[in-house]
$ cat model_25.csv   # CSV, N, CA and C atoms
chain,number,residue,atom,x,y,z
Q,1,MET,N,152.0,134.5,210.5
Q,1,MET,CA,151.6,133.4,211.3
Q,1,MET,C,152.3,133.4,212.6
Q,2,PRO,N,151.6,133.1,213.7
Q,2,PRO,CA,152.3,133.2,215.0
Q,2,PRO,C,153.4,132.1,215.1
Q,3,ILE,N,154.4,132.5,215.8
Q,3,ILE,CA,155.5,131.6,216.0
Q,3,ILE,C,155.3,130.8,217.3
Q,4,ARG,N,155.4,129.5,217.1
Q,4,ARG,CA,155.2,128.6,218.3
Q,4,ARG,C,156.3,128.9,219.3
Q,5,PRO,N,155.9,128.8,220.6
Q,5,PRO,CA,156.8,129.1,221.7
Q,5,PRO,C,158.1,128.3,221.6
Q,6,GLU,N,158.0,127.0,221.3
Q,6,GLU,CA,159.2,126.2,221.3
Q,6,GLU,C,160.1,126.5,220.1
Q,7,PHE,N,159.7,127.3,219.1
Q,7,PHE,CA,160.5,127.7,218.0
Q,7,PHE,C,161.0,129.1,218.1
Q,8,ARG,N,160.5,129.9,219.1
Q,8,ARG,CA,160.8,131.3,219.1
Q,8,ARG,C,162.3,131.6,219.2
Q,9,TRP,N,163.0,130.7,219.9
Q,9,TRP,CA,164.5,130.9,220.0
Q,9,TRP,C,165.2,130.8,218.7
Q,10,LEU,N,164.6,130.2,217.7
Q,10,LEU,CA,165.3,130.1,216.4
Q,10,LEU,C,165.3,131.5,215.6
Q,11,TYR,N,164.4,132.4,216.0
Q,11,TYR,CA,164.2,133.6,215.3
Q,11,TYR,C,165.1,134.7,215.9
Q,12,PRO,N,165.6,135.7,215.1
Q,12,PRO,CA,166.4,136.7,215.7
Q,12,PRO,C,165.6,137.7,216.5
Q,13,ILE,N,166.3,138.5,217.3
Q,13,ILE,CA,165.6,139.5,218.2
Q,13,ILE,C,164.9,140.5,217.3
Q,14,ASP,N,165.4,140.9,216.2
Q,14,ASP,CA,164.8,141.9,215.3
Q,14,ASP,C,163.8,141.3,214.3
Q,15,TRP,N,163.2,140.1,214.6
Q,15,TRP,CA,162.3,139.5,213.6
Q,15,TRP,C,161.1,140.4,213.3
Q,16,PRO,N,160.5,141.1,214.2
Q,16,PRO,CA,159.3,142.0,213.8
Q,16,PRO,C,159.7,143.0,212.8
Q,17,GLN,N,160.9,143.6,212.9
Q,17,GLN,CA,161.4,144.6,212.0
Q,17,GLN,C,161.7,144.0,210.6
Q,18,LEU,N,162.4,142.8,210.7
Q,18,LEU,CA,162.7,142.1,209.5
Q,18,LEU,C,161.5,141.7,208.7
Q,19,SER,N,160.5,141.2,209.4
Q,19,SER,CA,159.3,140.8,208.8
Q,19,SER,C,158.5,142.0,208.2
Q,20,ALA,N,158.5,143.1,208.9
Q,20,ALA,CA,157.8,144.3,208.3
Q,20,ALA,C,158.6,144.8,207.1
Q,21,LEU,N,159.9,144.7,207.1
Q,21,LEU,CA,160.7,145.1,205.9
Q,21,LEU,C,160.3,144.3,204.7
Q,22,VAL,N,160.1,143.0,204.9
Q,22,VAL,CA,159.8,142.0,203.8
Q,22,VAL,C,158.4,142.3,203.3
Q,23,ARG,N,157.4,142.4,204.3
Q,23,ARG,CA,156.0,142.5,203.9
Q,23,ARG,C,155.6,143.8,203.4
Q,24,PHE,N,156.1,144.9,203.9
Q,24,PHE,CA,155.6,146.2,203.5
Q,24,PHE,C,156.5,147.0,202.6
Q,25,ARG,N,157.8,146.9,202.8
Q,25,ARG,CA,158.7,147.7,202.0
Q,25,ARG,C,159.0,146.9,200.7
Q,26,ARG,N,159.4,145.7,200.8
Q,26,ARG,CA,159.8,144.9,199.6
Q,26,ARG,C,158.6,144.5,198.8
Q,27,ALA,N,157.6,143.9,199.5
Q,27,ALA,CA,156.4,143.4,198.8
Q,27,ALA,C,155.3,144.4,198.6
Q,28,LYS,N,155.5,145.6,199.2
Q,28,LYS,CA,154.6,146.7,199.1
Q,28,LYS,C,153.2,146.4,199.6
Q,29,GLY,N,153.1,145.6,200.6
Q,29,GLY,CA,151.8,145.3,201.2
Q,29,GLY,C,150.9,144.3,200.5
Q,30,ALA,N,151.5,143.5,199.6
Q,30,ALA,CA,150.7,142.5,198.8
Q,30,ALA,C,151.4,141.2,198.8
Q,31,CYS,N,150.6,140.1,198.8
Q,31,CYS,CA,151.2,138.7,198.7
Q,31,CYS,C,152.0,138.6,197.5
Q,32,GLN,N,153.2,138.1,197.6
Q,32,GLN,CA,154.1,137.9,196.5
Q,32,GLN,C,153.8,136.7,195.6
Q,33,CYS,N,152.8,135.9,196.0
Q,33,CYS,CA,152.3,134.8,195.3
Q,33,CYS,C,151.1,135.1,194.5
Q,34,CYS,N,150.0,135.6,195.2
Q,34,CYS,CA,148.8,135.8,194.5
Q,34,CYS,C,148.4,137.3,194.4
Q,35,GLY,N,149.0,138.2,195.1
Q,35,GLY,CA,148.8,139.6,195.0
Q,35,GLY,C,147.7,140.2,195.9
Q,36,ARG,N,147.2,139.4,196.8
Q,36,ARG,CA,146.1,139.9,197.7
Q,36,ARG,C,146.7,141.0,198.6
Q,37,PRO,N,146.0,142.1,198.8
Q,37,PRO,CA,146.5,143.2,199.6
Q,37,PRO,C,146.3,143.0,201.1
Q,38,HIS,N,147.3,143.4,201.8
Q,38,HIS,CA,147.3,143.2,203.3
Q,38,HIS,C,146.2,144.1,203.9
Q,39,GLY,N,145.5,143.5,204.9
Q,39,GLY,CA,144.5,144.3,205.7
Q,39,GLY,C,143.2,144.5,205.0
Q,40,GLN,N,143.1,144.1,203.7
Q,40,GLN,CA,141.8,144.3,203.0
Q,40,GLN,C,140.9,143.1,203.2
Q,41,ILE,N,139.6,143.3,203.1
Q,41,ILE,CA,138.6,142.2,203.1
Q,41,ILE,C,138.3,141.9,201.7
Q,42,VAL,N,138.6,140.6,201.3
Q,42,VAL,CA,138.3,140.2,199.9
Q,42,VAL,C,137.3,139.1,199.9
Q,43,CYS,N,136.6,139.0,198.8
Q,43,CYS,CA,135.6,138.0,198.5
Q,43,CYS,C,136.3,136.8,197.9
Q,44,VAL,N,136.1,135.6,198.4
Q,44,VAL,CA,136.9,134.5,197.9
Q,44,VAL,C,135.9,133.3,197.6
Q,45,LEU,N,136.2,132.6,196.6
Q,45,LEU,CA,135.5,131.3,196.3
Q,45,LEU,C,136.2,130.2,196.9
Q,46,SER,N,135.6,129.0,196.9
Q,46,SER,CA,136.2,127.9,197.6
Q,46,SER,C,137.4,127.3,196.8
Q,47,ASP,N,137.6,127.6,195.5
Q,47,ASP,CA,138.7,127.1,194.8
Q,47,ASP,C,139.9,128.1,194.8
Q,48,GLY,N,139.8,129.2,195.5
Q,48,GLY,CA,140.9,130.2,195.6
Q,48,GLY,C,140.7,131.4,194.7
Q,49,ARG,N,139.8,131.4,193.8
Q,49,ARG,CA,139.5,132.7,193.1
Q,49,ARG,C,139.1,133.8,194.0
Q,50,TRP,N,139.5,135.0,193.7
Q,50,TRP,CA,139.1,136.1,194.6
Q,50,TRP,C,138.9,137.4,193.8
Q,51,TRP,N,138.1,138.3,194.4
Q,51,TRP,CA,137.7,139.5,193.7
Q,51,TRP,C,138.7,140.6,194.1
Q,52,ASP,N,139.3,141.2,193.1
Q,52,ASP,CA,140.3,142.3,193.3
Q,52,ASP,C,139.5,143.6,193.1
Q,53,GLY,N,139.2,144.2,194.2
Q,53,GLY,CA,138.4,145.4,194.2
Q,53,GLY,C,139.1,146.6,193.5
Q,54,ALA,N,140.4,146.7,193.6
Q,54,ALA,CA,141.2,147.7,193.0
Q,54,ALA,C,141.2,147.7,191.5
Q,55,ARG,N,141.3,146.5,191.0
Q,55,ARG,CA,141.2,146.3,189.5
Q,55,ARG,C,139.9,146.0,188.9
Q,56,LYS,N,138.9,145.7,189.8
Q,56,LYS,CA,137.5,145.3,189.4
Q,56,LYS,C,137.6,144.1,188.5
Q,57,ALA,N,138.3,143.1,189.0
Q,57,ALA,CA,138.4,141.8,188.3
Q,57,ALA,C,138.5,140.6,189.2
Q,58,TRP,N,138.1,139.5,188.7
Q,58,TRP,CA,138.3,138.2,189.4
Q,58,TRP,C,139.7,137.7,189.1
Q,59,ARG,N,140.4,137.2,190.1
Q,59,ARG,CA,141.8,136.7,190.0
Q,59,ARG,C,141.8,135.2,190.4
Q,60,ASP,N,142.7,134.4,189.8
Q,60,ASP,CA,142.8,133.0,190.2
Q,60,ASP,C,143.7,133.0,191.4
Q,61,SER,N,144.0,131.8,191.9
Q,61,SER,CA,144.8,131.6,193.1
Q,61,SER,C,146.3,132.0,192.9
Q,62,ALA,N,146.7,132.2,191.7
Q,62,ALA,CA,148.1,132.7,191.4
Q,62,ALA,C,148.1,134.2,191.1
Q,63,GLY,N,147.0,134.8,191.2
Q,63,GLY,CA,146.9,136.3,191.0
Q,63,GLY,C,146.6,136.7,189.6
Q,64,ARG,N,146.4,135.8,188.6
Q,64,ARG,CA,146.2,136.1,187.2
Q,64,ARG,C,144.7,136.6,187.1
Q,65,VAL,N,144.5,137.6,186.3
Q,65,VAL,CA,143.2,138.1,186.0
Q,65,VAL,C,142.4,137.1,185.2
Q,66,LEU,N,141.2,136.8,185.6
Q,66,LEU,CA,140.3,135.8,184.8
Q,66,LEU,C,139.5,136.5,183.8
Q,67,ARG,N,139.2,135.9,182.7
Q,67,ARG,CA,138.4,136.5,181.7
Q,67,ARG,C,136.9,136.3,182.0
Q,68,SER,N,136.5,135.2,182.7
Q,68,SER,CA,135.1,135.0,183.0
Q,68,SER,C,134.8,135.1,184.4
Q,69,SER,N,133.6,135.5,184.7
Q,69,SER,CA,133.1,135.6,186.1
Q,69,SER,C,132.6,134.3,186.6
Q,70,PRO,N,132.6,134.0,187.9
Q,70,PRO,CA,132.0,132.8,188.4
Q,70,PRO,C,130.6,132.6,188.1
Q,71,THR,N,130.1,131.4,187.9
Q,71,THR,CA,128.7,131.1,187.7
Q,71,THR,C,127.9,131.3,188.9
Q,72,ALA,N,126.6,131.3,188.8
Q,72,ALA,CA,125.7,131.5,190.0
Q,72,ALA,C,125.9,130.3,191.0
Q,73,ALA,N,126.1,129.1,190.5
Q,73,ALA,CA,126.4,128.0,191.4
Q,73,ALA,C,127.7,128.1,192.2
Q,74,GLU,N,128.7,128.6,191.5
Q,74,GLU,CA,130.0,128.8,192.1
Q,74,GLU,C,130.0,130.0,193.1
Q,75,ALA,N,129.2,131.0,192.8
Q,75,ALA,CA,129.1,132.1,193.7
Q,75,ALA,C,128.4,131.8,195.0
Q,76,SER,N,127.7,130.7,195.0
Q,76,SER,CA,127.0,130.3,196.3
Q,76,SER,C,128.0,130.0,197.4
Q,77,SER,N,129.3,129.7,197.0
Q,77,SER,CA,130.3,129.4,198.0
Q,77,SER,C,131.1,130.6,198.3
Q,78,LEU,N,130.7,131.8,197.9
Q,78,LEU,CA,131.4,133.0,198.2
Q,78,LEU,C,131.4,133.3,199.7
Q,79,ARG,N,132.6,133.7,200.1
Q,79,ARG,CA,132.8,134.2,201.5
Q,79,ARG,C,133.8,135.3,201.5
Q,80,THR,N,133.9,136.0,202.6
Q,80,THR,CA,134.8,137.1,202.8
Q,80,THR,C,135.9,136.7,203.8
Q,81,THR,N,137.1,137.3,203.6
Q,81,THR,CA,138.2,137.0,204.5
Q,81,THR,C,139.1,138.3,204.5
Q,82,ARG,N,139.6,138.5,205.7
Q,82,ARG,CA,140.6,139.6,205.8
Q,82,ARG,C,142.0,139.0,205.5
Q,83,VAL,N,142.7,139.7,204.7
Q,83,VAL,CA,144.1,139.2,204.3
Q,83,VAL,C,145.1,139.7,205.2
Q,84,ILE,N,145.9,138.8,205.8
Q,84,ILE,CA,147.0,139.2,206.7
Q,84,ILE,C,148.3,138.6,206.1
Q,85,LEU,N,149.3,139.5,205.8
Q,85,LEU,CA,150.5,139.0,205.3
Q,85,LEU,C,151.4,138.5,206.4
Q,86,ALA,N,152.2,137.5,206.1
Q,86,ALA,CA,153.2,137.0,207.0
Q,86,ALA,C,154.5,136.8,206.2
Q,87,ALA,N,155.6,136.9,206.9
Q,87,ALA,CA,156.9,136.6,206.2
Q,87,ALA,C,157.2,135.1,206.4
Q,88,ALA,N,157.4,134.4,205.2
Q,88,ALA,CA,157.7,133.0,205.2
Q,88,ALA,C,159.1,132.7,204.8
Q,89,HIS,N,159.6,131.6,205.2
Q,89,HIS,CA,161.0,131.2,204.8
Q,89,HIS,C,160.8,130.2,203.6
Q,90,ARG,N,161.5,130.6,202.5
Q,90,ARG,CA,161.4,129.7,201.3
Q,90,ARG,C,161.8,128.3,201.6
Q,91,ASP,N,162.9,128.2,202.4
Q,91,ASP,CA,163.5,126.8,202.6
Q,91,ASP,C,163.0,126.2,203.9
Q,92,HIS,N,162.0,126.8,204.5
Q,92,HIS,CA,161.4,126.3,205.8
Q,92,HIS,C,162.4,126.2,206.9
Q,93,ASP,N,163.5,126.9,206.9
Q,93,ASP,CA,164.5,126.9,207.9
Q,93,ASP,C,164.4,128.3,208.6
Q,94,PRO,N,163.9,128.3,209.9
Q,94,PRO,CA,163.7,129.6,210.6
Q,94,PRO,C,165.0,130.2,211.0
Q,95,THR,N,166.1,129.5,210.9
Q,95,THR,CA,167.4,130.1,211.2
Q,95,THR,C,168.0,130.8,210.0
Q,96,ASN,N,167.5,130.6,208.8
Q,96,ASN,CA,168.0,131.2,207.6
Q,96,ASN,C,167.2,132.5,207.3
Q,97,ASN,N,167.7,133.6,207.9
Q,97,ASN,CA,166.9,134.8,207.8
Q,97,ASN,C,167.5,135.8,206.8
Q,98,ARG,N,168.1,135.3,205.7
Q,98,ARG,CA,168.6,136.2,204.7
Q,98,ARG,C,167.4,136.7,203.9
Q,99,LEU,N,167.5,138.0,203.4
Q,99,LEU,CA,166.3,138.6,202.7
Q,99,LEU,C,165.9,137.8,201.5
Q,100,ARG,N,166.9,137.2,200.8
Q,100,ARG,CA,166.5,136.4,199.6
Q,100,ARG,C,165.7,135.1,200.0
Q,101,ASN,N,165.8,134.7,201.2
Q,101,ASN,CA,165.1,133.5,201.7
Q,101,ASN,C,163.7,133.8,202.2
Q,102,LEU,N,163.4,135.1,202.4
Q,102,LEU,CA,162.1,135.5,203.0
Q,102,LEU,C,161.2,136.0,201.9
Q,103,ILE,N,159.9,135.6,202.0
Q,103,ILE,CA,158.9,136.0,201.1
Q,103,ILE,C,157.6,136.4,201.8
Q,104,ALA,N,156.9,137.4,201.3
Q,104,ALA,CA,155.6,137.8,202.0
Q,104,ALA,C,154.5,137.1,201.4
Q,105,LEU,N,153.7,136.3,202.2
Q,105,LEU,CA,152.6,135.5,201.7
Q,105,LEU,C,151.4,135.8,202.5
Q,106,CYS,N,150.2,135.7,201.9
Q,106,CYS,CA,148.9,135.7,202.6
Q,106,CYS,C,148.7,134.4,203.3
Q,107,GLN,N,147.6,134.3,204.1
Q,107,GLN,CA,147.4,133.1,204.8
Q,107,GLN,C,147.3,131.9,203.9
Q,108,ARG,N,146.5,132.0,202.9
Q,108,ARG,CA,146.3,130.9,202.0
Q,108,ARG,C,147.5,130.4,201.3
Q,109,CYS,N,148.3,131.3,200.8
Q,109,CYS,CA,149.6,131.0,200.1
Q,109,CYS,C,150.6,130.4,201.1
Q,110,HIS,N,150.6,131.0,202.3
Q,110,HIS,CA,151.5,130.5,203.3
Q,110,HIS,C,151.2,129.0,203.7
Q,111,MET,N,149.9,128.7,203.9
Q,111,MET,CA,149.5,127.4,204.2
Q,111,MET,C,149.9,126.4,203.0
Q,112,ALA,N,149.7,126.9,201.8
Q,112,ALA,CA,150.0,126.0,200.7
Q,112,ALA,C,151.5,125.8,200.6
Q,113,HIS,N,152.3,126.9,200.9
Q,113,HIS,CA,153.8,126.8,200.8
Q,113,HIS,C,154.3,125.8,201.9
Q,114,ASP,N,153.7,125.8,203.0
Q,114,ASP,CA,154.1,125.0,204.2
Q,114,ASP,C,153.4,123.6,204.2
Q,115,ARG,N,152.6,123.3,203.3
Q,115,ARG,CA,151.8,122.1,203.4
Q,115,ARG,C,152.6,120.8,203.6
Q,116,LEU,N,153.7,120.6,202.9
Q,116,LEU,CA,154.5,119.4,203.0
Q,116,LEU,C,155.2,119.4,204.4
Q,117,GLU,N,155.7,120.6,204.8
Q,117,GLU,CA,156.3,120.7,206.1
Q,117,GLU,C,155.3,120.4,207.3
Q,118,HIS,N,154.1,120.9,207.1
Q,118,HIS,CA,153.1,120.6,208.2
Q,118,HIS,C,152.8,119.1,208.2
Q,119,ARG,N,152.7,118.5,207.0
Q,119,ARG,CA,152.4,117.0,206.9
Q,119,ARG,C,153.5,116.2,207.6
Q,120,ARG,N,154.8,116.6,207.3
Q,120,ARG,CA,156.0,116.0,207.9
Q,120,ARG,C,155.9,116.1,209.5
Q,121,ARG,N,155.6,117.3,210.0
Q,121,ARG,CA,155.6,117.5,211.4
Q,121,ARG,C,154.4,116.7,212.0
Q,122,ARG,N,153.3,116.6,211.3
Q,122,ARG,CA,152.2,115.9,211.8
Q,122,ARG,C,152.5,114.4,212.0
Q,123,LEU,N,153.2,113.8,211.0
Q,123,LEU,CA,153.6,112.4,211.1
Q,123,LEU,C,154.6,112.2,212.2
Q,124,ILE,N,155.5,113.1,212.4
Q,124,ILE,CA,156.4,113.0,213.6
Q,124,ILE,C,155.7,113.0,214.9
Q,125,THR,N,154.7,113.9,215.0
Q,125,THR,CA,153.9,114.0,216.2
Q,125,THR,C,153.1,112.7,216.4
Q,126,LEU,N,152.5,112.2,215.4
Q,126,LEU,CA,151.8,110.9,215.5
Q,126,LEU,C,152.7,109.8,215.9
Q,127,PHE,N,153.9,109.8,215.3
Q,127,PHE,CA,154.9,108.7,215.7
Q,127,PHE,C,155.3,108.8,217.2
Q,128,ARG,N,155.5,110.0,217.7
Q,128,ARG,CA,155.9,110.2,219.1
Q,128,ARG,C,154.8,109.8,220.0
Q,129,ARG,N,153.5,110.0,219.6
Q,129,ARG,CA,152.4,109.7,220.5
Q,129,ARG,C,152.3,108.2,220.7
Q,130,LYS,N,152.7,107.4,219.6
Q,130,LYS,CA,152.6,106.0,219.7
Q,130,LYS,C,153.7,105.4,220.4
$ encode --input "model_25.csv" --output "structure tokens"
Amino acid sequence: MPIRPEFRWLYPIDWPQLSALVRFRRAKGACQCCGRPHGQIVCVLSDGRWWDGARKAWRDSAGRVLRSSPTAAEASSLRTTRVILAAAHRDHDPTNNRLRNLIALCQRCHMAHDRLEHRRRRLITLFRRK
């Protein structure tokens, strides 16, 4: 995920290299939450289930293989998306760049991980506007 200009100073100078280390060397190019592969186009349902082309199986939003395929009605919401990995901070503190605090997440998992933090920042922004 792009770093907002007002927060860029919180990140170290070598952030691109640190992020690449976490995403590609440690996580081996896959989301550490759901297993989606970086750079691949995957078919996704609205509830987070996705088609794993390498294993030829449907997976749930946590990366577990599903026993059943989606129904025709569920498949009508099928869309494709390109998976991009990002390095996320487990504790939401951009100054804490220890390797054990960083995790490689796809867009969907990163947004879910940061949901409460985004809500908190949204409320602060609304409060400031008033």
$ closest_residue --input "model_25.csv" --among "Q:Arg4, Q:Arg121, Q:Arg82, Q:Arg26" --to "His38 of chain Q" --atoms "only C-alpha atoms"
Q:Arg82
$ closest_residue --input "model_25.csv" --among "Q:Arg79, Q:Arg64, Q:Arg55, Q:Arg8" --to "Cys43 of chain Q" --atoms "all atoms listed in the file"
Q:Arg79
$ select_by_dssp --input "model_25.csv" --residues "segment 40-122 of chain Q" --states "strand (DSSP E or B)" --output "JSON, numbers by chain"
{"Q": [41, 42, 43, 44, 50, 51, 52, 57, 58, 59, 65, 79, 80, 81, 82, 86, 87, 88, 89, 102, 103, 104, 105]}
$ residues_near_point --input "model_25.csv" --point "(135.3, 137.6, 196.1)" --cutoff "8 Å" --atoms "all atoms listed in the file" --output "list in words"
Ile41, Val42, Cys43, Val44, Leu45, Arg49, Trp50, Trp51, Asp52, Gly53, Trp58, Arg59, Leu78, Arg79, Thr80 and Thr81 of chain Q
$ atom_distance --input "model_25.csv" --atom1 "atom N of Ala75 of chain Q" --atom2 "atom C of Ser46 of chain Q"
9.8 Å
$ atom_distance --input "model_25.csv" --atom1 "atom C of Asp93 of chain Q" --atom2 "atom C of Arg36 of chain Q"
24.0 Å
$ select_by_dssp --input "model_25.csv" --residues "chain Q" --states "helix (DSSP H, G or I)" --output "short mmCIF file (atom, residue, chain, number, x, y, z; two decimals) with N, CA and C atoms, keeping the file's coordinate frame"
data_model
loop_
_atom_site.label_atom_id
_atom_site.label_comp_id
_atom_site.auth_asym_id
_atom_site.auth_seq_id
_atom_site.Cartn_x
_atom_site.Cartn_y
_atom_site.Cartn_z
N PRO Q 5 155.90 128.80 220.60
CA PRO Q 5 156.80 129.10 221.70
C PRO Q 5 158.10 128.30 221.60
N GLU Q 6 158.00 127.00 221.30
CA GLU Q 6 159.20 126.20 221.30
C GLU Q 6 160.10 126.50 220.10
N PHE Q 7 159.70 127.30 219.10
CA PHE Q 7 160.50 127.70 218.00
C PHE Q 7 161.00 129.10 218.10
N ARG Q 8 160.50 129.90 219.10
CA ARG Q 8 160.80 131.30 219.10
C ARG Q 8 162.30 131.60 219.20
N TRP Q 9 163.00 130.70 219.90
CA TRP Q 9 164.50 130.90 220.00
C TRP Q 9 165.20 130.80 218.70
N LEU Q 10 164.60 130.20 217.70
CA LEU Q 10 165.30 130.10 216.40
C LEU Q 10 165.30 131.50 215.60
N TRP Q 15 163.20 140.10 214.60
CA TRP Q 15 162.30 139.50 213.60
C TRP Q 15 161.10 140.40 213.30
N PRO Q 16 160.50 141.10 214.20
CA PRO Q 16 159.30 142.00 213.80
C PRO Q 16 159.70 143.00 212.80
N GLN Q 17 160.90 143.60 212.90
CA GLN Q 17 161.40 144.60 212.00
C GLN Q 17 161.70 144.00 210.60
N LEU Q 18 162.40 142.80 210.70
CA LEU Q 18 162.70 142.10 209.50
C LEU Q 18 161.50 141.70 208.70
N SER Q 19 160.50 141.20 209.40
CA SER Q 19 159.30 140.80 208.80
C SER Q 19 158.50 142.00 208.20
N ALA Q 20 158.50 143.10 208.90
CA ALA Q 20 157.80 144.30 208.30
C ALA Q 20 158.60 144.80 207.10
N LEU Q 21 159.90 144.70 207.10
CA LEU Q 21 160.70 145.10 205.90
C LEU Q 21 160.30 144.30 204.70
N VAL Q 22 160.10 143.00 204.90
CA VAL Q 22 159.80 142.00 203.80
C VAL Q 22 158.40 142.30 203.30
N ARG Q 23 157.40 142.40 204.30
CA ARG Q 23 156.00 142.50 203.90
C ARG Q 23 155.60 143.80 203.40
N PHE Q 24 156.10 144.90 203.90
CA PHE Q 24 155.60 146.20 203.50
C PHE Q 24 156.50 147.00 202.60
N ARG Q 25 157.80 146.90 202.80
CA ARG Q 25 158.70 147.70 202.00
C ARG Q 25 159.00 146.90 200.70
N ARG Q 26 159.40 145.70 200.80
CA ARG Q 26 159.80 144.90 199.60
C ARG Q 26 158.60 144.50 198.80
N ALA Q 72 126.60 131.30 188.80
CA ALA Q 72 125.70 131.50 190.00
C ALA Q 72 125.90 130.30 191.00
N ALA Q 73 126.10 129.10 190.50
CA ALA Q 73 126.40 128.00 191.40
C ALA Q 73 127.70 128.10 192.20
N GLU Q 74 128.70 128.60 191.50
CA GLU Q 74 130.00 128.80 192.10
C GLU Q 74 130.00 130.00 193.10
N ALA Q 75 129.20 131.00 192.80
CA ALA Q 75 129.10 132.10 193.70
C ALA Q 75 128.40 131.80 195.00
N LEU Q 99 167.50 138.00 203.40
CA LEU Q 99 166.30 138.60 202.70
C LEU Q 99 165.90 137.80 201.50
N ARG Q 100 166.90 137.20 200.80
CA ARG Q 100 166.50 136.40 199.60
C ARG Q 100 165.70 135.10 200.00
N ASN Q 101 165.80 134.70 201.20
CA ASN Q 101 165.10 133.50 201.70
C ASN Q 101 163.70 133.80 202.20
N GLN Q 107 147.60 134.30 204.10
CA GLN Q 107 147.40 133.10 204.80
C GLN Q 107 147.30 131.90 203.90
N ARG Q 108 146.50 132.00 202.90
CA ARG Q 108 146.30 130.90 202.00
C ARG Q 108 147.50 130.40 201.30
N CYS Q 109 148.30 131.30 200.80
CA CYS Q 109 149.60 131.00 200.10
C CYS Q 109 150.60 130.40 201.10
N HIS Q 110 150.60 131.00 202.30
CA HIS Q 110 151.50 130.50 203.30
C HIS Q 110 151.20 129.00 203.70
N MET Q 111 149.90 128.70 203.90
CA MET Q 111 149.50 127.40 204.20
C MET Q 111 149.90 126.40 203.00
N ALA Q 112 149.70 126.90 201.80
CA ALA Q 112 150.00 126.00 200.70
C ALA Q 112 151.50 125.80 200.60
N HIS Q 113 152.30 126.90 200.90
CA HIS Q 113 153.80 126.80 200.80
C HIS Q 113 154.30 125.80 201.90
N ARG Q 115 152.60 123.30 203.30
CA ARG Q 115 151.80 122.10 203.40
C ARG Q 115 152.60 120.80 203.60
N LEU Q 116 153.70 120.60 202.90
CA LEU Q 116 154.50 119.40 203.00
C LEU Q 116 155.20 119.40 204.40
N GLU Q 117 155.70 120.60 204.80
CA GLU Q 117 156.30 120.70 206.10
C GLU Q 117 155.30 120.40 207.30
N HIS Q 118 154.10 120.90 207.10
CA HIS Q 118 153.10 120.60 208.20
C HIS Q 118 152.80 119.10 208.20
N ARG Q 119 152.70 118.50 207.00
CA ARG Q 119 152.40 117.00 206.90
C ARG Q 119 153.50 116.20 207.60
N ARG Q 120 154.80 116.60 207.30
CA ARG Q 120 156.00 116.00 207.90
C ARG Q 120 155.90 116.10 209.50
N ARG Q 121 155.60 117.30 210.00
CA ARG Q 121 155.60 117.50 211.40
C ARG Q 121 154.40 116.70 212.00
N ARG Q 122 153.30 116.60 211.30
CA ARG Q 122 152.20 115.90 211.80
C ARG Q 122 152.50 114.40 212.00
N LEU Q 123 153.20 113.80 211.00
CA LEU Q 123 153.60 112.40 211.10
C LEU Q 123 154.60 112.20 212.20
N ILE Q 124 155.50 113.10 212.40
CA ILE Q 124 156.40 113.00 213.60
C ILE Q 124 155.70 113.00 214.90
N THR Q 125 154.70 113.90 215.00
CA THR Q 125 153.90 114.00 216.20
C THR Q 125 153.10 112.70 216.40
N LEU Q 126 152.50 112.20 215.40
CA LEU Q 126 151.80 110.90 215.50
C LEU Q 126 152.70 109.80 215.90
N PHE Q 127 153.90 109.80 215.30
CA PHE Q 127 154.90 108.70 215.70
C PHE Q 127 155.30 108.80 217.20
N ARG Q 128 155.50 110.00 217.70
CA ARG Q 128 155.90 110.20 219.10
C ARG Q 128 154.80 109.80 220.00
N ARG Q 129 153.50 110.00 219.60
CA ARG Q 129 152.40 109.70 220.50
C ARG Q 129 152.30 108.20 220.70
#
$ residues_around --input "model_25.csv" --residues "His113 of chain Q" --least-positions-apart "2" --cutoff "12 Å" --atoms "only C-alpha atoms" --output "list in words"
Gln32, Cys33, Ala86, Ala87, Ala88, His89, Arg90, Asp91, His92, Ile103, Ala104, Leu105, Cys106, Gln107, Arg108, Cys109, His110, Met111, Arg115, Leu116, Glu117, His118 and Arg119 of chain Q
$ residues_around --input "model_25.csv" --residues "Cys34 of chain Q" --least-positions-apart "3" --cutoff "7 Å" --atoms "only C-alpha atoms" --output "number ranges by chain"
Q: 31, 61-63
$ write_last_selection --input "model_25.csv" --atoms "N, CA and C atoms" --output "short mmCIF file (atom, residue, chain, number, x, y, z; two decimals), keeping the file's coordinate frame"
data_model
loop_
_atom_site.label_atom_id
_atom_site.label_comp_id
_atom_site.auth_asym_id
_atom_site.auth_seq_id
_atom_site.Cartn_x
_atom_site.Cartn_y
_atom_site.Cartn_z
N CYS Q 31 150.60 140.10 198.80
CA CYS Q 31 151.20 138.70 198.70
C CYS Q 31 152.00 138.60 197.50
N SER Q 61 144.00 131.80 191.90
CA SER Q 61 144.80 131.60 193.10
C SER Q 61 146.30 132.00 192.90
N ALA Q 62 146.70 132.20 191.70
CA ALA Q 62 148.10 132.70 191.40
C ALA Q 62 148.10 134.20 191.10
N GLY Q 63 147.00 134.80 191.20
CA GLY Q 63 146.90 136.30 191.00
C GLY Q 63 146.60 136.70 189.60
#
$ closest_residue --input "model_25.csv" --among "Q:Ala30, Q:Leu85, Q:Asn97, Q:Pro70" --to "Asp14 of chain Q" --atoms "only C-alpha atoms"
Q:Asn97
$ atom_distance --input "model_25.csv" --atom1 "atom N of Lys130 of chain Q" --atom2 "atom C of Ile3 of chain Q"
23.7 Å
$ decode --input "model_25.csv" --residues "segment 51-62 of chain Q" --atoms "C-alpha atoms" --output "compact mmCIF listing (two decimals), in the first residue's frame"
# COMPACT_ATOMS: atom_id res chain seq x y z
CA TRP Q 51 -9.62 -19.87 -7.09
CA ASP Q 52 -6.09 -21.21 -6.54
CA GLY Q 53 -4.90 -22.06 -10.05
CA ALA Q 54 -1.73 -23.79 -8.82
CA ARG Q 55 -3.66 -26.27 -6.66
CA LYS Q 56 -6.80 -26.31 -8.84
CA ALA Q 57 -9.01 -25.70 -5.81
CA TRP Q 58 -11.24 -23.04 -4.26
CA ARG Q 59 -9.92 -21.48 -1.06
CA ASP Q 60 -11.69 -19.49 1.62
CA SER Q 61 -10.56 -16.07 2.84
CA ALA Q 62 -8.16 -17.73 5.31
